[in-house]
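Have a look at start18.cif below; it lists mmCIF, C-alpha atoms.
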data_input
loop_
_atom_site.label_atom_id
_atom_site.label_comp_id
_atom_site.auth_asym_id
_atom_site.auth_seq_id
_atom_site.Cartn_x
_atom_site.Cartn_y
_atom_site.Cartn_z
CA MET N 28 179.02 69.16 105.29
CA ASN N 29 177.47 72.53 106.17
CA ALA N 30 175.03 71.88 109.04
CA LEU N 31 173.29 75.19 108.34
CA ARG N 32 171.88 74.19 104.97
CA PRO N 33 169.38 71.51 103.97
CA LEU N 34 170.56 67.99 103.20
CA ARG N 35 169.71 67.42 99.55
CA THR N 36 171.63 64.39 98.32
CA PRO N 37 171.76 60.75 99.39
CA ALA N 38 175.48 61.15 100.11
CA GLU N 39 174.74 64.02 102.51
CA LEU N 40 172.09 61.91 104.24
CA VAL N 41 174.66 59.12 104.73
CA GLU N 42 177.22 61.60 106.07
CA ALA N 43 174.62 62.98 108.51
CA GLY N 44 173.87 59.48 109.80
CA LEU N 45 170.33 59.48 108.45
CA VAL N 46 170.84 56.74 105.85
CA ALA N 47 172.97 53.61 106.29
CA PRO N 48 175.78 53.26 103.72
CA ASP N 49 174.40 49.92 102.54
CA GLU N 50 171.09 51.64 101.70
CA LEU N 51 172.69 54.30 99.53
CA ALA N 52 172.04 52.65 96.15
CA GLY N 53 168.30 52.34 96.78
CA ILE N 54 168.04 55.88 98.11
CA GLU N 55 169.85 57.21 95.06
CA ARG N 56 167.19 55.60 92.88
CA VAL N 57 164.47 57.32 94.91
CA ALA N 58 166.28 60.67 94.63
CA GLU N 59 166.45 60.33 90.84
CA ARG N 60 162.67 60.41 90.75
CA TYR N 61 161.55 62.50 93.75
CA ALA N 62 162.98 65.66 95.31
CA VAL N 63 164.92 65.39 98.56
CA ALA N 64 165.53 68.07 101.21
CA VAL N 65 165.79 67.82 104.99
CA SER N 66 166.11 71.18 106.73
CA PRO N 67 168.61 71.63 109.59
CA ALA N 68 165.74 71.96 112.09
CA MET N 69 164.24 68.63 111.04
CA ALA N 70 167.62 66.86 110.81
CA ALA N 71 168.31 67.95 114.39
CA LEU N 72 165.00 66.44 115.57
CA ILE N 73 165.68 62.97 114.16
CA ASP N 74 166.71 60.29 116.65
CA ARG N 75 169.45 58.38 114.80
CA SER N 76 169.15 55.48 117.27
CA ASP N 77 165.46 54.89 116.40
CA PRO N 78 164.96 53.04 113.09
CA ASN N 79 161.28 54.02 113.23
CA ASP N 80 161.75 57.68 114.11
CA PRO N 81 158.55 59.51 113.02
CA ILE N 82 160.41 62.63 111.90
CA ALA N 83 162.83 60.63 109.76
CA ARG N 84 159.93 58.70 108.27
CA GLN N 85 158.43 61.95 106.98
CA PHE N 86 161.55 63.42 105.36
CA VAL N 87 164.25 60.78 104.78
CA PRO N 88 163.80 58.84 101.50
CA ASP N 89 162.89 55.17 101.69
CA ALA N 90 163.32 52.51 99.02
CA ALA N 91 159.63 51.69 99.54
CA GLU N 92 158.90 54.80 97.45
CA LEU N 93 159.98 52.84 94.37
CA THR N 94 156.86 50.66 94.68
CA THR N 95 153.82 52.09 92.91
CA THR N 96 150.49 50.36 93.49
CA PRO N 97 147.76 50.14 90.82
CA GLU N 98 145.45 52.71 92.43
CA GLU N 99 148.14 55.39 92.77
CA ARG N 100 148.28 58.28 90.32
CA ALA N 101 150.54 61.21 89.46
CA ASP N 102 147.78 63.78 90.12
CA PRO N 103 145.84 62.03 92.90
CA ILE N 104 143.41 64.85 93.75
CA GLY N 105 142.86 66.10 90.21
CA ASP N 106 144.57 69.51 90.31
CA LEU N 107 145.15 69.49 86.56
CA ALA N 108 141.48 68.80 85.79
CA HIS N 109 140.54 72.08 87.52
CA SER N 110 143.37 74.31 86.29
CA PRO N 111 141.87 76.86 83.87
CA VAL N 112 145.20 78.71 83.58
CA GLU N 113 148.70 77.81 84.72
CA GLY N 114 149.12 78.25 88.47
CA ILE N 115 145.39 78.34 89.28
CA VAL N 116 143.24 75.47 90.59
CA HIS N 117 139.54 76.38 90.75
CA ARG N 118 137.78 73.34 92.22
CA TYR N 119 135.26 75.10 94.51
CA PRO N 120 133.13 78.12 93.50
CA ASP N 121 134.34 80.70 96.03
CA ARG N 122 138.07 79.96 96.27
CA VAL N 123 141.11 79.18 94.18
CA LEU N 124 144.58 77.84 94.76
CA LEU N 125 147.40 80.05 93.52
CA LYS N 126 150.49 77.89 93.01
CA ALA N 127 153.16 80.56 92.62
CA VAL N 128 156.08 78.24 93.30
CA HIS N 129 156.71 74.48 93.25
CA VAL N 130 159.72 74.47 95.58
CA CYS N 131 159.70 73.49 99.26
CA PRO N 132 162.15 73.87 102.15
CA VAL N 133 161.68 70.14 102.85
CA TYR N 134 160.15 67.39 100.72
CA CYS N 135 157.65 65.14 102.47
CA ARG N 136 157.97 61.53 101.38
CA PHE N 137 154.15 61.24 101.20
CA CYS N 138 153.56 64.47 99.23
CA PHE N 139 150.47 64.35 97.01
CA ARG N 140 152.14 66.77 94.56
CA ARG N 141 155.47 64.94 94.50
CA GLU N 142 155.38 64.63 90.70
CA MET N 143 155.08 68.45 90.41
CA VAL N 144 157.45 69.85 93.06
CA GLY N 145 161.20 70.10 93.42
CA PRO N 146 164.06 70.85 91.03
CA GLN N 147 162.51 68.67 88.31
CA GLY N 148 159.00 69.99 88.99
CA LEU N 149 156.93 72.80 87.53
CA GLY N 150 159.14 75.58 88.90
CA THR N 151 158.12 79.14 89.73
CA LEU N 152 155.42 80.85 87.70
CA SER N 153 156.79 83.12 84.99
CA THR N 154 155.81 86.79 84.92
CA GLU N 155 153.45 86.09 82.02
CA ALA N 156 151.83 83.13 83.80
CA MET N 157 151.45 85.16 86.98
CA ASP N 158 149.75 87.95 85.02
CA LYS N 159 147.28 85.44 83.57
CA ALA N 160 146.61 83.95 87.01
CA PHE N 161 145.79 87.36 88.50
CA ALA N 162 143.66 88.22 85.47
CA TYR N 163 141.68 85.02 86.07
CA ILE N 164 141.11 85.89 89.73
CA ALA N 165 140.07 89.43 88.85
CA ALA N 166 137.64 88.21 86.18
CA HIS N 167 135.75 85.86 88.55
CA PRO N 168 133.91 87.88 91.23
CA GLN N 169 132.77 84.72 93.03
CA ILE N 170 136.36 84.17 94.22
CA TRP N 171 136.28 85.23 97.88
CA GLU N 172 139.44 83.42 99.02
CA VAL N 173 142.86 82.89 97.44
CA ILE N 174 144.98 80.07 98.87
CA LEU N 175 148.71 80.30 98.20
CA THR N 176 150.18 76.84 98.01
CA GLY N 177 152.54 74.99 95.75
CA GLY N 178 155.26 74.11 96.75
CA ASP N 179 155.55 76.22 99.84
CA PRO N 180 154.77 79.91 99.21
CA LEU N 181 156.85 81.04 102.21
CA VAL N 182 160.07 80.03 100.45
CA LEU N 183 159.54 83.15 98.34
CA SER N 184 161.39 86.26 99.44
CA PRO N 185 159.43 88.87 101.40
CA ARG N 186 159.75 91.15 98.37
CA ARG N 187 158.14 88.58 96.05
CA LEU N 188 155.43 87.79 98.58
CA ALA N 189 154.66 91.47 99.08
CA GLU N 190 154.32 91.92 95.31
CA ILE N 191 151.79 89.07 95.16
CA MET N 192 149.85 90.45 98.10
CA GLN N 193 149.81 93.97 96.71
CA ARG N 194 148.33 92.64 93.49
CA LEU N 195 145.64 90.84 95.46
CA SER N 196 144.88 94.06 97.33
CA ALA N 197 143.62 95.55 94.05
CA ILE N 198 141.00 92.79 93.61
CA ASP N 199 138.09 93.91 95.75
CA HIS N 200 136.09 90.68 95.77
CA VAL N 201 139.00 88.74 97.30
CA LYS N 202 138.58 89.07 101.07
CA ILE N 203 140.68 86.21 102.49
CA VAL N 204 144.25 85.16 101.66
CA ARG N 205 145.44 81.84 103.07
CA PHE N 206 148.97 80.41 103.05
CA HIS N 207 149.63 76.67 103.25
CA THR N 208 153.10 76.15 104.67
CA ARG N 209 155.55 74.09 106.69
CA VAL N 210 158.03 76.95 107.12
CA PRO N 211 157.26 77.91 110.76
CA VAL N 212 158.15 74.32 111.74
CA VAL N 213 160.94 73.39 109.34
CA GLU N 214 162.64 76.80 108.98
CA PRO N 215 161.29 78.89 111.87
CA GLU N 216 164.01 81.51 111.44
CA ARG N 217 162.36 82.61 108.19
CA VAL N 218 159.38 83.98 110.11
CA ASP N 219 160.73 87.46 110.76
CA GLU N 220 159.31 90.97 110.62
CA ALA N 221 159.88 91.27 106.87
CA LEU N 222 158.03 88.04 106.10
CA ILE N 223 155.12 88.93 108.38
CA ALA N 224 154.83 92.39 106.83
CA ALA N 225 154.72 90.78 103.38
CA LEU N 226 151.92 88.40 104.40
CA LYS N 227 149.85 91.36 105.56
CA ALA N 228 150.66 93.64 102.62
CA SER N 229 147.32 93.11 100.88
CA GLY N 230 145.27 94.50 103.74
CA LYS N 231 143.05 91.41 103.41
CA THR N 232 142.38 89.00 106.26
CA ALA N 233 145.34 86.61 106.32
CA TYR N 234 145.31 82.99 107.49
CA VAL N 235 148.28 80.63 107.77
CA ALA N 236 147.57 76.89 107.62
CA LEU N 237 150.50 75.11 109.26
CA HIS N 238 151.30 71.57 108.15
CA ALA N 239 152.69 69.41 110.97
CA ASN N 240 152.15 65.72 111.68
CA HIS N 241 153.92 64.92 114.95
CA PRO N 242 154.01 66.80 118.27
CA ARG N 243 157.82 66.86 118.26
CA GLU N 244 157.67 69.21 115.26
CA LEU N 245 156.22 71.93 117.53
CA THR N 246 159.63 72.79 119.02
CA PRO N 247 160.19 75.93 121.12
CA GLU N 248 161.55 77.63 117.99
CA ALA N 249 158.50 76.61 115.94
CA ARG N 250 156.13 77.79 118.66
CA ALA N 251 157.96 81.12 118.84
CA ALA N 252 157.64 81.54 115.05
CA CYS N 253 153.92 80.83 115.28
CA ALA N 254 153.59 83.29 118.15
CA ARG N 255 155.12 86.01 115.97
CA LEU N 256 152.49 85.32 113.31
CA VAL N 257 149.55 85.17 115.71
CA ASP N 258 150.67 88.25 117.66
CA SER N 259 150.74 90.17 114.37
CA GLY N 260 147.02 89.45 113.84
CA ILE N 261 147.35 86.51 111.44
CA VAL N 262 144.98 83.62 112.21
CA MET N 263 146.54 80.15 112.23
CA ILE N 264 144.88 76.81 111.54
CA SER N 265 146.41 73.35 111.17
CA GLN N 266 146.50 70.65 108.59
CA SER N 267 147.95 67.20 109.17
CA VAL N 268 148.08 63.91 107.31
CA LEU N 269 147.24 60.66 109.09
CA LEU N 270 150.36 58.60 108.45
CA LYS N 271 151.23 55.02 109.32
CA GLY N 272 154.30 54.99 111.56
CA VAL N 273 154.09 58.72 112.29
CA ASN N 274 150.86 59.60 114.09
CA ASP N 275 148.60 56.54 113.77
CA ASP N 276 148.00 56.05 117.48
CA PRO N 277 145.63 57.89 119.83
CA ASP N 278 148.32 59.25 122.16
CA THR N 279 150.40 60.82 119.38
CA LEU N 280 147.38 62.24 117.60
CA ALA N 281 146.03 63.71 120.84
CA ALA N 282 149.42 65.23 121.71
CA LEU N 283 149.68 66.78 118.24
CA MET N 284 146.26 68.41 118.42
CA ARG N 285 146.92 69.68 121.94
CA ALA N 286 150.25 71.11 120.80
CA PHE N 287 148.46 73.05 118.06
CA VAL N 288 145.93 74.50 120.52
CA GLU N 289 148.66 75.40 123.00
CA THR N 290 150.37 77.29 120.16
CA ARG N 291 147.12 79.16 119.38
CA ILE N 292 146.53 77.17 116.19
CA LYS N 293 143.02 75.81 115.62
CA PRO N 294 143.05 72.17 114.47
CA TYR N 295 141.43 72.15 111.03
CA TYR N 296 141.95 69.21 108.67
CA LEU N 297 143.30 65.72 109.27
CA HIS N 298 143.82 64.32 105.77
CA HIS N 299 143.52 60.68 104.83
CA PRO N 300 146.73 60.16 102.80
CA ASP N 301 146.32 60.64 99.07
CA LEU N 302 147.03 58.05 96.38
CA ALA N 303 150.37 59.57 95.35
CA PRO N 304 152.91 57.27 93.67
CA GLY N 305 155.17 55.36 96.02
CA THR N 306 153.28 56.20 99.22
CA SER N 307 151.38 53.00 100.03
CA HIS N 308 153.62 52.35 103.07
CA PHE N 309 152.12 55.48 104.69
CA ARG N 310 148.45 54.63 104.17
CA LEU N 311 146.06 53.22 106.73
CA SER N 312 142.62 52.00 105.80
CA ILE N 313 139.76 54.44 106.17
CA GLU N 314 138.31 52.15 108.84
CA GLU N 315 141.52 52.43 110.88
CA GLY N 316 141.54 56.19 110.42
CA ARG N 317 137.94 56.58 111.51
CA ALA N 318 138.58 54.52 114.64
CA LEU N 319 141.57 56.70 115.55
CA VAL N 320 139.62 59.92 115.06
CA ALA N 321 136.69 58.53 117.05
CA SER N 322 139.11 57.78 119.90
CA LEU N 323 139.78 61.51 120.26
CA ARG N 324 136.14 62.27 121.06
CA GLY N 325 135.83 62.69 124.82
CA ARG N 326 139.56 62.00 125.23
CA ILE N 327 140.65 65.56 124.46
CA SER N 328 138.97 68.97 124.45
CA GLY N 329 136.58 69.94 121.70
CA LEU N 330 139.08 72.68 120.82
CA CYS N 331 141.45 69.92 119.72
CA GLN N 332 139.15 68.00 117.35
CA PRO N 333 140.19 68.05 113.67
CA THR N 334 137.91 67.25 110.73
CA TYR N 335 138.92 63.94 109.11
CA ILE N 336 138.68 64.26 105.34
CA LEU N 337 139.35 62.42 102.12
CA ASP N 338 140.27 64.27 98.94
CA ILE N 339 138.31 62.17 96.46
CA PRO N 340 140.57 60.93 93.64
CA GLY N 341 139.82 62.42 90.25
CA GLY N 342 139.28 66.01 91.33
CA HIS N 343 135.89 65.66 93.02
CA GLY N 344 136.89 67.63 96.11
CA LYS N 345 137.07 66.92 99.82
CA ALA N 346 134.58 64.86 101.79
CA VAL N 347 134.24 64.45 105.53
CA ILE N 348 134.72 60.77 106.33
CA GLY N 349 133.27 60.61 109.83
CA PRO N 350 131.04 57.79 111.10
CA ASP N 351 128.03 58.50 108.85
CA ALA N 352 129.78 59.76 105.73
CA LEU N 353 130.51 56.48 103.92
CA ARG N 354 128.69 53.34 102.90
CA ASP N 355 130.13 49.93 102.13
CA ASN N 356 130.07 48.76 98.51
CA GLY N 357 131.47 45.28 99.03
CA SER N 358 135.01 45.99 97.82
CA GLY N 359 135.59 49.29 99.64
CA CYS N 360 133.27 52.20 100.23
CA MET N 361 131.27 54.91 98.50
CA VAL N 362 131.97 58.54 99.36
CA THR N 363 129.80 61.52 98.47
CA ASP N 364 131.34 64.73 97.12
CA PHE N 365 130.12 68.27 97.87
CA ARG N 366 127.95 68.24 94.73
CA GLY N 367 126.14 65.05 95.82
CA GLY N 368 128.00 62.72 93.43
CA GLU N 369 129.04 59.28 94.68
CA HIS N 370 132.50 57.78 94.07
CA ALA N 371 134.11 54.43 94.85
CA TYR N 372 137.17 54.43 97.11
CA PRO N 373 139.63 53.05 96.29
CA PRO N 374 138.77 53.98 92.70
CA SER N 375 138.70 51.29 90.05
CA GLU N 376 141.92 51.04 88.07
#

Please, can you express the file's structure as C-alpha cells?
Amino acid sequence: MNALRPLRTPAELVEAGLVAPDELAGIERVAERYAVAVSPAMAALIDRSDPNDPIARQFVPDAAELTTTPEERADPIGDLAHSPVEGIVHRYPDRVLLKAVHVCPVYCRFCFRREMVGPQGLGTLSTEAMDKAFAYIAAHPQIWEVILTGGDPLVLSPRRLAEIMQRLSAIDHVKIVRFHTRVPVVEPERVDEALIAALKASGKTAYVALHANHPRELTPEARAACARLVDSGIVMISQSVLLKGVNDDPDTLAALMRAFVETRIKPYYLHHPDLAPGTSHFRLSIEEGRALVASLRGRISGLCQPTYILDIPGGHGKAVIGPDALRDNGSGCMVTDFRGGEHAYPPSE
C-alpha cells in the first residue's frame, strides 16, 4: 500500500487498519453505491484504537449507509430544480453555484451530493457545458457572486482554475468569487503558490469557505495552508455540519469554532445535516441542534458564533433555525424560506 495516496477501496481500508476484516463484505456493498476516498492526512489523524473516532466516522464507510429512510432523497436540497444549464445552480437572485467538477479528495459519508460525486458521478464539465455555464453567468447581470463548488473545485489543477478565473474576470457584474473546499484540511500540501495565484487570477475579491467538522482537523499543516491563503489576501470563512458522533457536544463544537478563529477563519454556517440517502445515523433532531448552538452563547466569544441553518428540502433555500425561527406543527415543525413560504420539516413522504 502506498501511504502517500488516498485509500480508495475497502481492501485498502482493511490493510490500513481502518476497517475490520469481518466488516469487509458490508463495506464493499457501500462502496458499490457511494464513492470512497480517505486522504493520507485524514488517515493519519484516525485513532485506530477508538471505535467511535470522529475523524473515521466522517470518512470511513459504514454499513449503516445501506439504510435509506423514507424522508431521504437523492437531491435533498433541490439543486436540480434550480439548474438552468448544466453546472449552474441559480437558487438565489444575486449568486450562482458553478459546479465545474464532481470529484473530491475525500468523500464525506454524510455528503448531501453523494449521488452526484465520485467516479460514478456527474464528472467534470465538458468544454461545451462550461461555455454554456459562463454564457449564463454573463447574460444575468444580477449575478454578483459565483460560488465554485462541486465536488471540490481545488482538486482542479492551478492551470484549470486560472482558466476559470480568467473567464470570470471578463464578466464585470461578478464581483465576488467563493470556493467551497476541504483541501486545506485534507490535502494541505496542495495549497501552494501556484494554487493561490490561480484563485486570485480573476482580480475579483476571493473568499474560501473551509469545510471542517472537528477541531482535530485543524492540524499544524492545515493551519499553515490556511495562513498561506489568508496572508495572500484571500478571506476565509467556515462551514461545518452538525453531526451525531462527531461534534454534537458543547465542548467539541466550542473547540472547533475557536480553532477556526485562531486560524483567522470567521465561523459562518453550521448546517443541520441534509436528508441524503443513507445518512440517518448522522442526524440529530433540530431541537437537539438548537440546544447545542444555544449552549455556545456566552460560553465562547461572539467571534466564534456560527449561524445554524437548515437547507429546506425541495430547493427552497436556507433558513436560520435559531430559537424564534420555527413553529411546532404537531408532527415536526414549520420553517420559513427566504421568500416567506412555509414548509414542513421533515417533509411529508

Once the PyMOL selection byres ((chain N and resi 272) around 12) is applied to the coordinates I shared, what remains selected? I want it as a CSV table (one decimal) with C-alpha atoms, in the coordinates of the input.
chain,number,residue,atom,x,y,z
N,78,PRO,CA,165.0,53.0,113.1
N,79,ASN,CA,161.3,54.0,113.2
N,80,ASP,CA,161.8,57.7,114.1
N,81,PRO,CA,158.6,59.5,113.0
N,82,ILE,CA,160.4,62.6,111.9
N,83,ALA,CA,162.8,60.6,109.8
N,84,ARG,CA,159.9,58.7,108.3
N,85,GLN,CA,158.4,62.0,107.0
N,240,ASN,CA,152.2,65.7,111.7
N,241,HIS,CA,153.9,64.9,115.0
N,268,VAL,CA,148.1,63.9,107.3
N,269,LEU,CA,147.2,60.7,109.1
N,270,LEU,CA,150.4,58.6,108.4
N,271,LYS,CA,151.2,55.0,109.3
N,273,VAL,CA,154.1,58.7,112.3
N,274,ASN,CA,150.9,59.6,114.1
N,275,ASP,CA,148.6,56.5,113.8
N,276,ASP,CA,148.0,56.0,117.5
N,279,THR,CA,150.4,60.8,119.4
N,280,LEU,CA,147.4,62.2,117.6
N,308,HIS,CA,153.6,52.4,103.1
N,309,PHE,CA,152.1,55.5,104.7
N,310,ARG,CA,148.4,54.6,104.2
N,311,LEU,CA,146.1,53.2,106.7

Give the answer as one residue: which of N:Pro88, N:Pro103, N:Gly341, N:Pro185 has the shortest atom-to-atom distance to Leu45 of chain N, using all atoms listed in the file?
-> N:Pro88

Enclose all atoms of segment 48-51 of chain N listed in the file in an axis-aligned box, grow every side by 8 Å, and hand back centre and edge lengths in Å to one decimal, as JSON.
{"center_x": 173.4, "center_y": 52.1, "center_z": 101.6, "size_x": 20.7, "size_y": 20.4, "size_z": 20.2}

Let me know the residues the PyMOL selection byres ((chain N and resi 227) around 12) catches in the file above, as a PyMOL selection string.
-> chain N and resi 185+188-193+195-196+203-206+220-226+228-235+256-257+259-262

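You can rank N:Pro247, N:Pro33, N:Pro111, N:Gly367 by their closest distance to His343 of chain N using only C-alpha atoms, and at the top of that list sits N:Gly367.
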
Here atom CA of Thr95 of chain N and atom CA of Ser307 of chain N stand apart by 7.6 Å

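Considering the residues N:Pro215, N:Gly316, N:Pro373, N:Gly177 and counting only C-alpha atoms, Cys253 of chain N has its shortest atom-to-atom contact with N:Pro215.
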
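Straight-line separation from atom CA of Ser265 of chain N to atom CA of Gln332 of chain N: 10.9 Å.
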
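The residue that comes closest to Ile292 of chain N, out of N:Arg186, N:His370, N:His238, N:Arg118 and on the basis of all atoms listed in the file, is N:His238.
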
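For the set N:Pro168, N:Pro374, N:Pro120, N:Gly178, the residue with the smallest atom-to-atom gap to Pro340 of chain N is N:Pro374, counting only C-alpha atoms.
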
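Here atom CA of Arg140 of chain N stands at a distance of 14.7 Å from atom CA of His299 of chain N.
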
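If all atoms listed in the file are the atoms counted, then among N:Thr246, N:Ser328, N:Ser153, N:Ser267 the closest residue to Thr290 of chain N is N:Thr246.
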
Just say which residues the PyMOL selection byres ((chain N and resi 60-70) around 9) picks in this file, as a VMD selection string.
-> chain N and resid 30 to 37 40 43 45 55 to 59 71 to 74 82 to 83 86 to 88 92 to 93 131 to 136 141 to 142 144 to 148 212 to 215 244

Who sits within 10 Å of segment 158-166 of chain N, only C-alpha atoms, same chain under 4 positions skipped, as number ranges by chain | N: 111-117, 122-123, 125-127, 152-154, 170-173, 191, 194-195, 197-201

Please write the residues from the selection above to a file, keeping C-alpha atoms, as an mmCIF file, in the coordinates of the input.
data_model
loop_
_atom_site.group_PDB
_atom_site.id
_atom_site.type_symbol
_atom_site.label_atom_id
_atom_site.label_comp_id
_atom_site.auth_asym_id
_atom_site.auth_seq_id
_atom_site.Cartn_x
_atom_site.Cartn_y
_atom_site.Cartn_z
ATOM 1 C CA PRO N 111 141.870 76.860 83.870
ATOM 2 C CA VAL N 112 145.200 78.710 83.580
ATOM 3 C CA GLU N 113 148.700 77.810 84.720
ATOM 4 C CA GLY N 114 149.120 78.250 88.470
ATOM 5 C CA ILE N 115 145.390 78.340 89.280
ATOM 6 C CA VAL N 116 143.240 75.470 90.590
ATOM 7 C CA HIS N 117 139.540 76.380 90.750
ATOM 8 C CA ARG N 122 138.070 79.960 96.270
ATOM 9 C CA VAL N 123 141.110 79.180 94.180
ATOM 10 C CA LEU N 125 147.400 80.050 93.520
ATOM 11 C CA LYS N 126 150.490 77.890 93.010
ATOM 12 C CA ALA N 127 153.160 80.560 92.620
ATOM 13 C CA LEU N 152 155.420 80.850 87.700
ATOM 14 C CA SER N 153 156.790 83.120 84.990
ATOM 15 C CA THR N 154 155.810 86.790 84.920
ATOM 16 C CA ILE N 170 136.360 84.170 94.220
ATOM 17 C CA TRP N 171 136.280 85.230 97.880
ATOM 18 C CA GLU N 172 139.440 83.420 99.020
ATOM 19 C CA VAL N 173 142.860 82.890 97.440
ATOM 20 C CA ILE N 191 151.790 89.070 95.160
ATOM 21 C CA ARG N 194 148.330 92.640 93.490
ATOM 22 C CA LEU N 195 145.640 90.840 95.460
ATOM 23 C CA ALA N 197 143.620 95.550 94.050
ATOM 24 C CA ILE N 198 141.000 92.790 93.610
ATOM 25 C CA ASP N 199 138.090 93.910 95.750
ATOM 26 C CA HIS N 200 136.090 90.680 95.770
ATOM 27 C CA VAL N 201 139.000 88.740 97.300
#

Contacts of Thr176 of chain N at 6 Å (only C-alpha atoms; same-chain gap of 3+ positions) as a PyMOL selection string = chain N and resi 126+179-180+207

Those selected residues, please, written with C-alpha atoms and delivered as a PDB file, in the frame of the given file.
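The resulting out25.pdb:
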ATOM      1  CA  LYS N 126     150.490  77.890  93.010  1.00  0.00           C
ATOM      2  CA  ASP N 179     155.550  76.220  99.840  1.00  0.00           C
ATOM      3  CA  PRO N 180     154.770  79.910  99.210  1.00  0.00           C
ATOM      4  CA  HIS N 207     149.630  76.670 103.250  1.00  0.00           C
TER       5      HIS N 207
END

Can you tell me, as a short mmCIF file (atom, residue, chain, number, x, y, z; two decimals) with C-alpha atoms, in the coordinates of the input, which residues sit within 12 Å of (131.9, 60.8, 113.4) in the file's frame, using only C-alpha atoms?
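Full text of result.cif as output:
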data_model
loop_
_atom_site.label_atom_id
_atom_site.label_comp_id
_atom_site.auth_asym_id
_atom_site.auth_seq_id
_atom_site.Cartn_x
_atom_site.Cartn_y
_atom_site.Cartn_z
CA GLU N 314 138.31 52.15 108.84
CA GLY N 316 141.54 56.19 110.42
CA ARG N 317 137.94 56.58 111.51
CA ALA N 318 138.58 54.52 114.64
CA LEU N 319 141.57 56.70 115.55
CA VAL N 320 139.62 59.92 115.06
CA ALA N 321 136.69 58.53 117.05
CA SER N 322 139.11 57.78 119.90
CA LEU N 323 139.78 61.51 120.26
CA ARG N 324 136.14 62.27 121.06
CA GLN N 332 139.15 68.00 117.35
CA PRO N 333 140.19 68.05 113.67
CA THR N 334 137.91 67.25 110.73
CA TYR N 335 138.92 63.94 109.11
CA ILE N 336 138.68 64.26 105.34
CA VAL N 347 134.24 64.45 105.53
CA ILE N 348 134.72 60.77 106.33
CA GLY N 349 133.27 60.61 109.83
CA PRO N 350 131.04 57.79 111.10
CA ASP N 351 128.03 58.50 108.85
CA ALA N 352 129.78 59.76 105.73
CA LEU N 353 130.51 56.48 103.92
#

Need to verify the contact set: Gly342 of chain N, 12 Å, all atoms listed in the file, exclusion of same-chain residues closer than 5 positions in sequence. Can you return it as an mmCIF file with C-alpha atoms, keeping the file's coordinate frame?
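Ended up saving to selection-v7.cif:
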data_model
loop_
_atom_site.group_PDB
_atom_site.id
_atom_site.type_symbol
_atom_site.label_atom_id
_atom_site.label_comp_id
_atom_site.auth_asym_id
_atom_site.auth_seq_id
_atom_site.Cartn_x
_atom_site.Cartn_y
_atom_site.Cartn_z
ATOM 1 C CA ARG N 100 148.280 58.280 90.320
ATOM 2 C CA ASP N 102 147.780 63.780 90.120
ATOM 3 C CA PRO N 103 145.840 62.030 92.900
ATOM 4 C CA ILE N 104 143.410 64.850 93.750
ATOM 5 C CA GLY N 105 142.860 66.100 90.210
ATOM 6 C CA ASP N 106 144.570 69.510 90.310
ATOM 7 C CA LEU N 107 145.150 69.490 86.560
ATOM 8 C CA ALA N 108 141.480 68.800 85.790
ATOM 9 C CA HIS N 109 140.540 72.080 87.520
ATOM 10 C CA SER N 110 143.370 74.310 86.290
ATOM 11 C CA VAL N 116 143.240 75.470 90.590
ATOM 12 C CA HIS N 117 139.540 76.380 90.750
ATOM 13 C CA ARG N 118 137.780 73.340 92.220
ATOM 14 C CA TYR N 119 135.260 75.100 94.510
ATOM 15 C CA ASP N 301 146.320 60.640 99.070
ATOM 16 C CA LEU N 337 139.350 62.420 102.120
ATOM 17 C CA ASP N 364 131.340 64.730 97.120
ATOM 18 C CA PHE N 365 130.120 68.270 97.870
ATOM 19 C CA GLY N 368 128.000 62.720 93.430
ATOM 20 C CA HIS N 370 132.500 57.780 94.070
#
